[in-house]
Amino acid sequence: MYYVSSSPHVKAKLTTNRIMIDVIIAMIPAALFGIINAGMLFGSFYSFRAFLLIMVCVGSCVLSEYVYNRIIKRQQTIDDFSAVVTGMILALNLPVTFPIWMTVIGSVFAIIVVKQLFGGLGQNFMNPALGARCFLVLSFAKQMTAFVPEKVAAVDGVSSATPLTALKNGANPDLLTMFIGNHSGTIGETSVIALLIGALYLSVRKIIDLRIPLTYIVSFAILIVLFSGNGFDAEFLLKHLCGGGLIFGAFFMATDYSTSPITVSGKYIYGICLGFLTAIFRTFGNTAEGVSFAIIFCNLLVPLIENITIPKAFGLEKE
């Protein structure tokens, strides 16, 4: 007897729980570096504060999901660790000076508004953590760009500008410092080394498809060369690749299963769109960054991309 059911007919051995745990493990190097870096730059108190922000984000996300499921009498989903991943990604996108109460608001927005109101995991139309980050940027712009504590800036005269902002303003930040990550910025985006270690882990574990991040980075590099007006300047290009949230976004956020295409050609189109928009935002926008808004916008394009790239069923012809 044959049972006819909808696809997929071949199931992977990986579970949602296992995938999310691997993503958490992959973000640990960036999180640890961010905690240590905050202490090296601003004092030991800010190491604790970076750790506290991560814990508050994760705790608020998990609690929001638990309470929402209880209220609407839905089966609990906090054991799939997706809320933990959302909390970690959001926390690593925040500056170490960000107020705790605003962190809670962002976490609740990510889980309730972006994720749960649209049906929960797998049905959200944009990455919950990035949706919350964009919400916080629009709501609390000053706090989201305060990368250096006011007391430190006042006493030591340290500028709150990140290397990417300095680069956009015509300065010449040190490339090695940008690669290692010993500079101001959000908690988790500064160290390219730490992020690449996590990306390598995800690739070895076959959690992410490298088509998206590599297409994203290559297309961005090409378009920065075309748009920046500097021609092919290898050092300038590498600084753009190491600055801001490009590496973090490419490997940890653009590859989100729920909000990225599943077709092979769709992944390439998606990556090219990401590179194009990020280059446009960075080159012609008012701010130096553009990764978050580029990914959010491209998340909205995914249904259209999949619609035009879905393969035809074998044996079917157009009328």
# chains A, B, ... in the order shown; residues from 1 in each chain; ligands from 1
$ select_by_dssp --residues "region 113-142 of chain A" --states "helix (DSSP H, G or I)" --output "PDB file with N, CA, C and O atoms, in the first residue's frame"
ATOM      1  N   VAL A 113       6.071  40.439  17.596  1.00  0.00           N
ATOM      2  CA  VAL A 113       5.593  41.119  16.389  1.00  0.00           C
ATOM      3  C   VAL A 113       6.107  40.456  15.115  1.00  0.00           C
ATOM      4  O   VAL A 113       5.340  40.142  14.206  1.00  0.00           O
ATOM      5  N   VAL A 114       7.406  40.232  15.033  1.00  0.00           N
ATOM      6  CA  VAL A 114       7.994  39.735  13.780  1.00  0.00           C
ATOM      7  C   VAL A 114       7.824  38.228  13.620  1.00  0.00           C
ATOM      8  O   VAL A 114       7.609  37.740  12.511  1.00  0.00           O
ATOM      9  N   LYS A 115       7.916  37.489  14.729  1.00  0.00           N
ATOM     10  CA  LYS A 115       7.887  36.026  14.626  1.00  0.00           C
ATOM     11  C   LYS A 115       6.511  35.429  14.908  1.00  0.00           C
ATOM     12  O   LYS A 115       5.884  34.821  14.039  1.00  0.00           O
ATOM     13  N   GLN A 116       6.003  35.599  16.108  1.00  0.00           N
ATOM     14  CA  GLN A 116       4.819  34.859  16.535  1.00  0.00           C
ATOM     15  C   GLN A 116       3.528  35.326  15.861  1.00  0.00           C
ATOM     16  O   GLN A 116       2.671  34.507  15.530  1.00  0.00           O
ATOM     17  N   LEU A 117       3.358  36.613  15.662  1.00  0.00           N
ATOM     18  CA  LEU A 117       2.119  37.100  15.048  1.00  0.00           C
ATOM     19  C   LEU A 117       1.965  36.641  13.604  1.00  0.00           C
ATOM     20  O   LEU A 117       0.867  36.696  13.046  1.00  0.00           O
ATOM     21  N   PHE A 118       3.049  36.180  13.003  1.00  0.00           N
ATOM     22  CA  PHE A 118       2.977  35.675  11.640  1.00  0.00           C
ATOM     23  C   PHE A 118       2.998  34.146  11.583  1.00  0.00           C
ATOM     24  O   PHE A 118       3.177  33.567  10.515  1.00  0.00           O
ATOM     25  N   PRO A 128      13.655  37.829  12.527  1.00  0.00           N
ATOM     26  CA  PRO A 128      13.147  38.522  13.728  1.00  0.00           C
ATOM     27  C   PRO A 128      14.178  39.443  14.387  1.00  0.00           C
ATOM     28  O   PRO A 128      13.846  40.560  14.787  1.00  0.00           O
ATOM     29  N   ALA A 129      15.415  38.973  14.499  1.00  0.00           N
ATOM     30  CA  ALA A 129      16.444  39.788  15.151  1.00  0.00           C
ATOM     31  C   ALA A 129      16.743  41.044  14.346  1.00  0.00           C
ATOM     32  O   ALA A 129      16.886  42.144  14.904  1.00  0.00           O
ATOM     33  N   LEU A 130      16.805  40.913  13.021  1.00  0.00           N
ATOM     34  CA  LEU A 130      17.076  42.082  12.188  1.00  0.00           C
ATOM     35  C   LEU A 130      15.876  43.022  12.145  1.00  0.00           C
ATOM     36  O   LEU A 130      16.037  44.245  12.085  1.00  0.00           O
ATOM     37  N   GLY A 131      14.672  42.452  12.154  1.00  0.00           N
ATOM     38  CA  GLY A 131      13.482  43.288  12.226  1.00  0.00           C
ATOM     39  C   GLY A 131      13.500  44.134  13.481  1.00  0.00           C
ATOM     40  O   GLY A 131      13.182  45.336  13.451  1.00  0.00           O
ATOM     41  N   ALA A 132      13.894  43.512  14.600  1.00  0.00           N
ATOM     42  CA  ALA A 132      13.974  44.241  15.868  1.00  0.00           C
ATOM     43  C   ALA A 132      15.096  45.274  15.837  1.00  0.00           C
ATOM     44  O   ALA A 132      14.950  46.384  16.363  1.00  0.00           O
ATOM     45  N   ARG A 133      16.216  44.923  15.216  1.00  0.00           N
ATOM     46  CA  ARG A 133      17.324  45.877  15.139  1.00  0.00           C
ATOM     47  C   ARG A 133      16.922  47.118  14.344  1.00  0.00           C
ATOM     48  O   ARG A 133      17.202  48.250  14.760  1.00  0.00           O
ATOM     49  N   CYS A 134      16.259  46.916  13.226  1.00  0.00           N
ATOM     50  CA  CYS A 134      15.810  48.061  12.423  1.00  0.00           C
ATOM     51  C   CYS A 134      14.778  48.889  13.186  1.00  0.00           C
ATOM     52  O   CYS A 134      14.781  50.126  13.111  1.00  0.00           O
ATOM     53  N   PHE A 135      13.924  48.203  13.936  1.00  0.00           N
ATOM     54  CA  PHE A 135      12.944  48.904  14.781  1.00  0.00           C
ATOM     55  C   PHE A 135      13.654  49.770  15.820  1.00  0.00           C
ATOM     56  O   PHE A 135      13.274  50.925  16.060  1.00  0.00           O
ATOM     57  N   LEU A 136      14.702  49.224  16.432  1.00  0.00           N
ATOM     58  CA  LEU A 136      15.444  49.980  17.445  1.00  0.00           C
ATOM     59  C   LEU A 136      16.220  51.138  16.821  1.00  0.00           C
ATOM     60  O   LEU A 136      16.331  52.216  17.421  1.00  0.00           O
ATOM     61  N   VAL A 137      16.768  50.930  15.617  1.00  0.00           N
ATOM     62  CA  VAL A 137      17.487  52.019  14.934  1.00  0.00           C
ATOM     63  C   VAL A 137      16.550  53.179  14.638  1.00  0.00           C
ATOM     64  O   VAL A 137      16.904  54.352  14.823  1.00  0.00           O
ATOM     65  N   LEU A 138      15.339  52.862  14.196  1.00  0.00           N
ATOM     66  CA  LEU A 138      14.369  53.906  13.873  1.00  0.00           C
ATOM     67  C   LEU A 138      13.805  54.565  15.129  1.00  0.00           C
ATOM     68  O   LEU A 138      13.456  55.752  15.121  1.00  0.00           O
ATOM     69  N   SER A 139      13.694  53.804  16.217  1.00  0.00           N
ATOM     70  CA  SER A 139      13.090  54.319  17.452  1.00  0.00           C
ATOM     71  C   SER A 139      14.100  55.003  18.368  1.00  0.00           C
ATOM     72  O   SER A 139      13.784  55.989  19.025  1.00  0.00           O
ATOM     73  N   ALA A 141      17.639  55.988  17.630  1.00  0.00           N
ATOM     74  CA  ALA A 141      18.813  56.143  16.763  1.00  0.00           C
ATOM     75  C   ALA A 141      20.054  56.573  17.538  1.00  0.00           C
ATOM     76  O   ALA A 141      21.159  56.078  17.291  1.00  0.00           O
ATOM     77  N   LYS A 142      19.895  57.488  18.470  1.00  0.00           N
ATOM     78  CA  LYS A 142      21.041  57.995  19.231  1.00  0.00           C
ATOM     79  C   LYS A 142      21.688  56.886  20.040  1.00  0.00           C
ATOM     80  O   LYS A 142      22.920  56.724  20.041  1.00  0.00           O
TER      81      LYS A 142
END
$ residues_around --residues "region 178-192 of chain A" --least-positions-apart "5" --cutoff "7 Å" --atoms "only C-alpha atoms" --output "count of residues only"
19
$ residues_around --residues "region 258-265 of chain A" --least-positions-apart "3" --cutoff "7 Å" --atoms "only C-alpha atoms" --output "MDAnalysis selection string"
chainID A and resid 122:127 254:255 268:269 299 302 306 309:310
$ residues_around --residues "Met55 (chain A)" --least-positions-apart "2" --cutoff "12 Å" --atoms "only C-alpha atoms" --output "PDB file with N, CA, C and O atoms, in the first residue's frame"
ATOM      1  N   ALA A  31      30.777  36.419  20.349  1.00  0.00           N
ATOM      2  CA  ALA A  31      30.245  36.920  21.617  1.00  0.00           C
ATOM      3  C   ALA A  31      31.355  37.079  22.656  1.00  0.00           C
ATOM      4  O   ALA A  31      31.435  38.111  23.348  1.00  0.00           O
ATOM      5  N   ILE A  35      32.721  40.589  24.390  1.00  0.00           N
ATOM      6  CA  ILE A  35      32.768  40.812  25.836  1.00  0.00           C
ATOM      7  C   ILE A  35      34.167  41.248  26.266  1.00  0.00           C
ATOM      8  O   ILE A  35      34.337  42.217  27.026  1.00  0.00           O
ATOM      9  N   PHE A  48      31.311  43.188  31.676  1.00  0.00           N
ATOM     10  CA  PHE A  48      30.126  42.673  32.365  1.00  0.00           C
ATOM     11  C   PHE A  48      28.858  43.159  31.683  1.00  0.00           C
ATOM     12  O   PHE A  48      27.889  42.407  31.529  1.00  0.00           O
ATOM     13  N   ARG A  49      28.866  44.417  31.244  1.00  0.00           N
ATOM     14  CA  ARG A  49      27.669  44.970  30.611  1.00  0.00           C
ATOM     15  C   ARG A  49      27.371  44.291  29.279  1.00  0.00           C
ATOM     16  O   ARG A  49      26.214  44.071  28.932  1.00  0.00           O
ATOM     17  N   ALA A  50      28.413  43.963  28.520  1.00  0.00           N
ATOM     18  CA  ALA A  50      28.210  43.247  27.259  1.00  0.00           C
ATOM     19  C   ALA A  50      27.605  41.871  27.523  1.00  0.00           C
ATOM     20  O   ALA A  50      26.662  41.436  26.843  1.00  0.00           O
ATOM     21  N   PHE A  51      28.135  41.192  28.541  1.00  0.00           N
ATOM     22  CA  PHE A  51      27.591  39.884  28.926  1.00  0.00           C
ATOM     23  C   PHE A  51      26.140  40.016  29.383  1.00  0.00           C
ATOM     24  O   PHE A  51      25.282  39.202  29.018  1.00  0.00           O
ATOM     25  N   LEU A  52      25.860  41.064  30.162  1.00  0.00           N
ATOM     26  CA  LEU A  52      24.504  41.289  30.663  1.00  0.00           C
ATOM     27  C   LEU A  52      23.530  41.539  29.514  1.00  0.00           C
ATOM     28  O   LEU A  52      22.400  41.025  29.518  1.00  0.00           O
ATOM     29  N   LEU A  53      23.936  42.337  28.520  1.00  0.00           N
ATOM     30  CA  LEU A  53      23.065  42.614  27.377  1.00  0.00           C
ATOM     31  C   LEU A  53      22.706  41.329  26.631  1.00  0.00           C
ATOM     32  O   LEU A  53      21.559  41.128  26.222  1.00  0.00           O
ATOM     33  N   CYS A  57      18.904  39.912  26.422  1.00  0.00           N
ATOM     34  CA  CYS A  57      18.290  39.670  25.114  1.00  0.00           C
ATOM     35  C   CYS A  57      17.777  38.241  25.002  1.00  0.00           C
ATOM     36  O   CYS A  57      16.633  37.998  24.606  1.00  0.00           O
ATOM     37  N   VAL A  58      18.626  37.297  25.340  1.00  0.00           N
ATOM     38  CA  VAL A  58      18.242  35.880  25.244  1.00  0.00           C
ATOM     39  C   VAL A  58      17.086  35.582  26.190  1.00  0.00           C
ATOM     40  O   VAL A  58      16.090  34.952  25.805  1.00  0.00           O
ATOM     41  N   GLY A  59      17.200  36.036  27.439  1.00  0.00           N
ATOM     42  CA  GLY A  59      16.150  35.784  28.415  1.00  0.00           C
ATOM     43  C   GLY A  59      14.821  36.405  28.025  1.00  0.00           C
ATOM     44  O   GLY A  59      13.764  35.775  28.155  1.00  0.00           O
ATOM     45  N   SER A  60      14.863  37.642  27.515  1.00  0.00           N
ATOM     46  CA  SER A  60      13.627  38.331  27.110  1.00  0.00           C
ATOM     47  C   SER A  60      12.969  37.632  25.925  1.00  0.00           C
ATOM     48  O   SER A  60      11.742  37.524  25.862  1.00  0.00           O
ATOM     49  N   CYS A  61      13.778  37.166  24.985  1.00  0.00           N
ATOM     50  CA  CYS A  61      13.227  36.468  23.814  1.00  0.00           C
ATOM     51  C   CYS A  61      12.570  35.146  24.221  1.00  0.00           C
ATOM     52  O   CYS A  61      11.454  34.832  23.787  1.00  0.00           O
ATOM     53  N   VAL A  62      13.251  34.387  25.046  1.00  0.00           N
ATOM     54  CA  VAL A  62      12.705  33.101  25.488  1.00  0.00           C
ATOM     55  C   VAL A  62      11.437  33.315  26.311  1.00  0.00           C
ATOM     56  O   VAL A  62      10.429  32.615  26.115  1.00  0.00           O
ATOM     57  N   LEU A  63      11.473  34.280  27.226  1.00  0.00           N
ATOM     58  CA  LEU A  63      10.303  34.561  28.064  1.00  0.00           C
ATOM     59  C   LEU A  63       9.124  35.051  27.222  1.00  0.00           C
ATOM     60  O   LEU A  63       7.977  34.660  27.458  1.00  0.00           O
ATOM     61  N   VAL A  84      16.490  31.588  21.503  1.00  0.00           N
ATOM     62  CA  VAL A  84      17.848  31.856  21.997  1.00  0.00           C
ATOM     63  C   VAL A  84      18.704  32.424  20.872  1.00  0.00           C
ATOM     64  O   VAL A  84      19.455  33.387  21.057  1.00  0.00           O
ATOM     65  N   VAL A  85      18.586  31.836  19.673  1.00  0.00           N
ATOM     66  CA  VAL A  85      19.338  32.331  18.521  1.00  0.00           C
ATOM     67  C   VAL A  85      18.944  33.765  18.204  1.00  0.00           C
ATOM     68  O   VAL A  85      19.804  34.625  17.969  1.00  0.00           O
ATOM     69  N   THR A  86      17.642  34.049  18.201  1.00  0.00           N
ATOM     70  CA  THR A  86      17.169  35.414  17.942  1.00  0.00           C
ATOM     71  C   THR A  86      17.746  36.395  18.962  1.00  0.00           C
ATOM     72  O   THR A  86      18.213  37.481  18.606  1.00  0.00           O
ATOM     73  N   GLY A  87      17.729  36.006  20.230  1.00  0.00           N
ATOM     74  CA  GLY A  87      18.260  36.867  21.283  1.00  0.00           C
ATOM     75  C   GLY A  87      19.745  37.125  21.121  1.00  0.00           C
ATOM     76  O   GLY A  87      20.214  38.263  21.294  1.00  0.00           O
ATOM     77  N   MET A  88      20.512  36.083  20.767  1.00  0.00           N
ATOM     78  CA  MET A  88      21.953  36.261  20.598  1.00  0.00           C
ATOM     79  C   MET A  88      22.267  37.160  19.406  1.00  0.00           C
ATOM     80  O   MET A  88      23.119  38.044  19.486  1.00  0.00           O
ATOM     81  N   ILE A  89      21.562  36.941  18.285  1.00  0.00           N
ATOM     82  CA  ILE A  89      21.817  37.762  17.098  1.00  0.00           C
ATOM     83  C   ILE A  89      21.485  39.220  17.377  1.00  0.00           C
ATOM     84  O   ILE A  89      22.242  40.128  17.019  1.00  0.00           O
ATOM     85  N   LEU A  90      20.359  39.457  18.041  1.00  0.00           N
ATOM     86  CA  LEU A  90      19.980  40.831  18.367  1.00  0.00           C
ATOM     87  C   LEU A  90      21.001  41.465  19.297  1.00  0.00           C
ATOM     88  O   LEU A  90      21.430  42.608  19.086  1.00  0.00           O
ATOM     89  N   ALA A  91      21.424  40.746  20.329  1.00  0.00           N
ATOM     90  CA  ALA A  91      22.393  41.284  21.290  1.00  0.00           C
ATOM     91  C   ALA A  91      23.717  41.627  20.617  1.00  0.00           C
ATOM     92  O   ALA A  91      24.323  42.669  20.904  1.00  0.00           O
ATOM     93  N   LEU A  92      24.171  40.775  19.720  1.00  0.00           N
ATOM     94  CA  LEU A  92      25.448  41.017  19.047  1.00  0.00           C
ATOM     95  C   LEU A  92      25.364  42.159  18.048  1.00  0.00           C
ATOM     96  O   LEU A  92      26.388  42.627  17.547  1.00  0.00           O
ATOM     97  N   ILE A 100      19.315  48.851  29.004  1.00  0.00           N
ATOM     98  CA  ILE A 100      18.733  47.529  29.225  1.00  0.00           C
ATOM     99  C   ILE A 100      17.245  47.510  28.886  1.00  0.00           C
ATOM    100  O   ILE A 100      16.754  46.573  28.246  1.00  0.00           O
ATOM    101  N   THR A 103      16.615  47.215  25.336  1.00  0.00           N
ATOM    102  CA  THR A 103      16.955  45.857  24.899  1.00  0.00           C
ATOM    103  C   THR A 103      15.760  44.927  25.058  1.00  0.00           C
ATOM    104  O   THR A 103      15.470  44.107  24.176  1.00  0.00           O
ATOM    105  N   VAL A 104      15.060  45.060  26.176  1.00  0.00           N
ATOM    106  CA  VAL A 104      13.879  44.235  26.426  1.00  0.00           C
ATOM    107  C   VAL A 104      12.794  44.539  25.394  1.00  0.00           C
ATOM    108  O   VAL A 104      12.154  43.612  24.855  1.00  0.00           O
ATOM    109  N   SER A 107      13.687  42.889  22.133  1.00  0.00           N
ATOM    110  CA  SER A 107      13.531  41.436  22.202  1.00  0.00           C
ATOM    111  C   SER A 107      12.066  41.030  22.082  1.00  0.00           C
ATOM    112  O   SER A 107      11.724  40.080  21.366  1.00  0.00           O
TER     113      SER A 107
END
$ closest_residue --among "A:Phe251, A:Phe140, A:Tyr68, A:Ile112" --to "Tyr201 (chain A)" --atoms "only C-alpha atoms"
A:Phe251
$ atom_distance --atom1 "CA of Leu223 (chain A)" --atom2 "CA of Ile280 (chain A)"
8.3 Å
$ residues_around --residues "region 193-199 of chain A" --least-positions-apart "5" --cutoff "6 Å" --atoms "only C-alpha atoms" --output "list in words"
Ala26, Met27, Pro29 and Ala30 of chain A
$ write_last_selection --atoms "C-alpha atoms" --output "compact mmCIF listing (two decimals), in the first residue's frame"
# COMPACT_ATOMS: atom_id res chain seq x y z
CA ALA A 26 29.06 29.32 15.99
CA MET A 27 28.27 32.72 17.54
CA PRO A 29 33.59 33.20 19.42
CA ALA A 30 32.14 36.55 18.33
$ atom_distance --atom1 "CA of Thr97 (chain A)" --atom2 "CA of Ile21 (chain A)"
27.6 Å
$ decode --residues "region 22-33 of chain A" --atoms "all heavy atoms" --output "CSV table (one decimal), in the first residue's frame"
chain,number,residue,atom,x,y,z
A,22,ASP,N,23.8,24.5,16.9
A,22,ASP,CA,25.0,24.7,16.1
A,22,ASP,C,25.2,26.2,15.8
A,22,ASP,O,26.3,26.7,15.9
A,22,ASP,CB,24.9,23.9,14.8
A,22,ASP,CG,25.3,22.5,15.0
A,22,ASP,OD1,26.1,22.2,15.9
A,22,ASP,OD2,24.9,21.6,14.2
A,23,VAL,N,24.1,26.9,15.6
A,23,VAL,CA,24.2,28.4,15.3
A,23,VAL,C,24.7,29.1,16.6
A,23,VAL,O,25.5,30.0,16.5
A,23,VAL,CB,22.9,28.9,14.8
A,23,VAL,CG1,22.9,30.4,14.6
A,23,VAL,CG2,22.5,28.3,13.5
A,24,ILE,N,24.1,28.7,17.7
A,24,ILE,CA,24.6,29.3,19.0
A,24,ILE,C,26.1,29.0,19.2
A,24,ILE,O,26.8,30.0,19.6
A,24,ILE,CB,23.7,28.7,20.1
A,24,ILE,CG1,22.3,29.1,20.0
A,24,ILE,CG2,24.3,29.1,21.5
A,24,ILE,CD1,21.4,28.3,21.0
A,25,ILE,N,26.5,27.8,19.0
A,25,ILE,CA,27.9,27.5,19.1
A,25,ILE,C,28.8,28.4,18.2
A,25,ILE,O,29.8,28.9,18.6
A,25,ILE,CB,28.2,26.0,18.9
A,25,ILE,CG1,27.5,25.1,20.0
A,25,ILE,CG2,29.7,25.7,18.8
A,25,ILE,CD1,27.6,23.7,19.7
A,26,ALA,N,28.3,28.5,17.0
A,26,ALA,CA,29.1,29.3,16.0
A,26,ALA,C,29.2,30.8,16.4
A,26,ALA,O,30.1,31.5,16.0
A,26,ALA,CB,28.4,29.2,14.6
A,27,MET,N,28.2,31.3,17.1
A,27,MET,CA,28.3,32.7,17.5
A,27,MET,C,29.1,33.0,18.8
A,27,MET,O,29.4,34.1,19.2
A,27,MET,CB,26.8,33.3,17.7
A,27,MET,CG,26.1,33.5,16.4
A,27,MET,SD,24.6,34.4,16.7
A,27,MET,CE,23.5,33.1,17.4
A,28,ILE,N,29.4,31.9,19.5
A,28,ILE,CA,30.2,32.0,20.8
A,28,ILE,C,31.5,32.8,20.6
A,28,ILE,O,31.8,33.6,21.4
A,28,ILE,CB,30.3,30.7,21.5
A,28,ILE,CG1,29.0,30.2,22.0
A,28,ILE,CG2,31.4,30.7,22.6
A,28,ILE,CD1,29.0,28.8,22.6
A,29,PRO,N,32.3,32.4,19.6
A,29,PRO,CA,33.6,33.2,19.4
A,29,PRO,C,33.4,34.7,19.3
A,29,PRO,O,34.1,35.5,19.9
A,29,PRO,CB,34.2,32.6,18.1
A,29,PRO,CG,33.6,31.2,18.0
A,29,PRO,CD,32.2,31.3,18.6
A,30,ALA,N,32.4,35.1,18.5
A,30,ALA,CA,32.1,36.6,18.3
A,30,ALA,C,31.6,37.2,19.6
A,30,ALA,O,32.0,38.3,20.0
A,30,ALA,CB,31.1,36.8,17.2
A,31,ALA,N,30.8,36.4,20.3
A,31,ALA,CA,30.2,36.9,21.6
A,31,ALA,C,31.4,37.1,22.7
A,31,ALA,O,31.4,38.1,23.3
A,31,ALA,CB,29.2,36.0,22.1
A,32,LEU,N,32.2,36.1,22.8
A,32,LEU,CA,33.3,36.1,23.7
A,32,LEU,C,34.3,37.3,23.4
A,32,LEU,O,34.7,38.0,24.3
A,32,LEU,CB,34.1,34.8,23.7
A,32,LEU,CG,33.4,33.6,24.4
A,32,LEU,CD1,34.2,32.4,24.3
A,32,LEU,CD2,33.1,33.9,25.9
A,33,PHE,N,34.6,37.4,22.1
A,33,PHE,CA,35.5,38.5,21.7
A,33,PHE,C,34.8,39.9,22.0
A,33,PHE,O,35.5,40.8,22.5
A,33,PHE,CB,35.8,38.5,20.2
A,33,PHE,CG,36.8,39.5,19.8
A,33,PHE,CD1,38.2,39.3,19.9
A,33,PHE,CD2,36.4,40.8,19.4
A,33,PHE,CE1,39.1,40.3,19.5
A,33,PHE,CE2,37.3,41.8,19.0
A,33,PHE,CZ,38.6,41.5,19.1
